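Trainee: Sharing a structure, written as structure tokens. Questions coming.
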Amino acid sequence: MDFQEIIAGTVGKENTFGTCVGRVKPAAMSYVRFSTDDRAGKIRGYVGEGRFTDDALETFGGAGVVEIPHLQQLLQYICENGFEHHVAANFTAAASAIHEASTKYLGWEMYWHQ
């Protein structure tokens, strides 16, 4: 845990503690983004799988490199549908379960990137 370097310049270092610092280990991963579509009164999102790699990375904070099959198609979908690019990720292959739960049981509109 450390201070958030970018925001610290604006609000002061003492107000930014709680940032995870380190490198994400190489492993399989799933990612998901849920967003509200306020104009349509819906919750919608996208989900998929990839893997964290051990590629070199020169940055700060908590970071990792991820390989996502057909990334350009996913980015096109994100941009065309007004989604944010930040996602939640974990070390599992859970896209199928997330998609089923969010569409079948919650009735949310979801894009499953495969």
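Letters A, B, ... go to the chains of the structure tokens in the order shown; residues in each chain start at 1; ligands are counted from 1 in the same order.
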Where in chain A does DSSP assign strand (DSSP E or B), given as a count of residues only?

Mentor: 43

Trainee: Identify, on the basis of only C-alpha atoms, every residue whose closest approach to range 59-66 of chain A does not exceed 10 Å; exclude the query and any residue fewer than 5 positions from it along the same chain; express the result as a list in words.

Mentor: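 Counting only C-alpha atoms, the residues come to Met1, Asp2, Phe3, Gln4, Glu5, Ile6, Thr19, Cys20, Val21, Gly22, Arg23, Val24, Lys25, Pro26, Ala27, Ala28, Met29, Glu49, Gly50, Arg51, Phe52, Thr53 and Asp54 of chain A.
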
Trainee: Considering only C-alpha atoms, state which residue in the set A:Ala56, A:Ala94, A:Val47, A:Val11 is at the smallest distance from Ile68 in chain A.

Mentor: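 For Ile68 in chain A, the nearest of the candidates is A:Val47.
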
Trainee: Taking only chain A into account, list the residues labelled alpha helix (DSSP H) by DSSP (computed from the backbone), as a PyMOL selection string.

Mentor: chain A and resi 5-11+71-80+95-100

Trainee: Excluding His70 in chain A and any residue of its chain fewer than 3 positions from it, enumerate the residues within 12 Å of it, using only C-alpha atoms, and give them as JSON, numbers by chain.

Mentor: {"A": [48, 49, 50, 67, 73, 74, 75, 76, 77, 113, 114]}
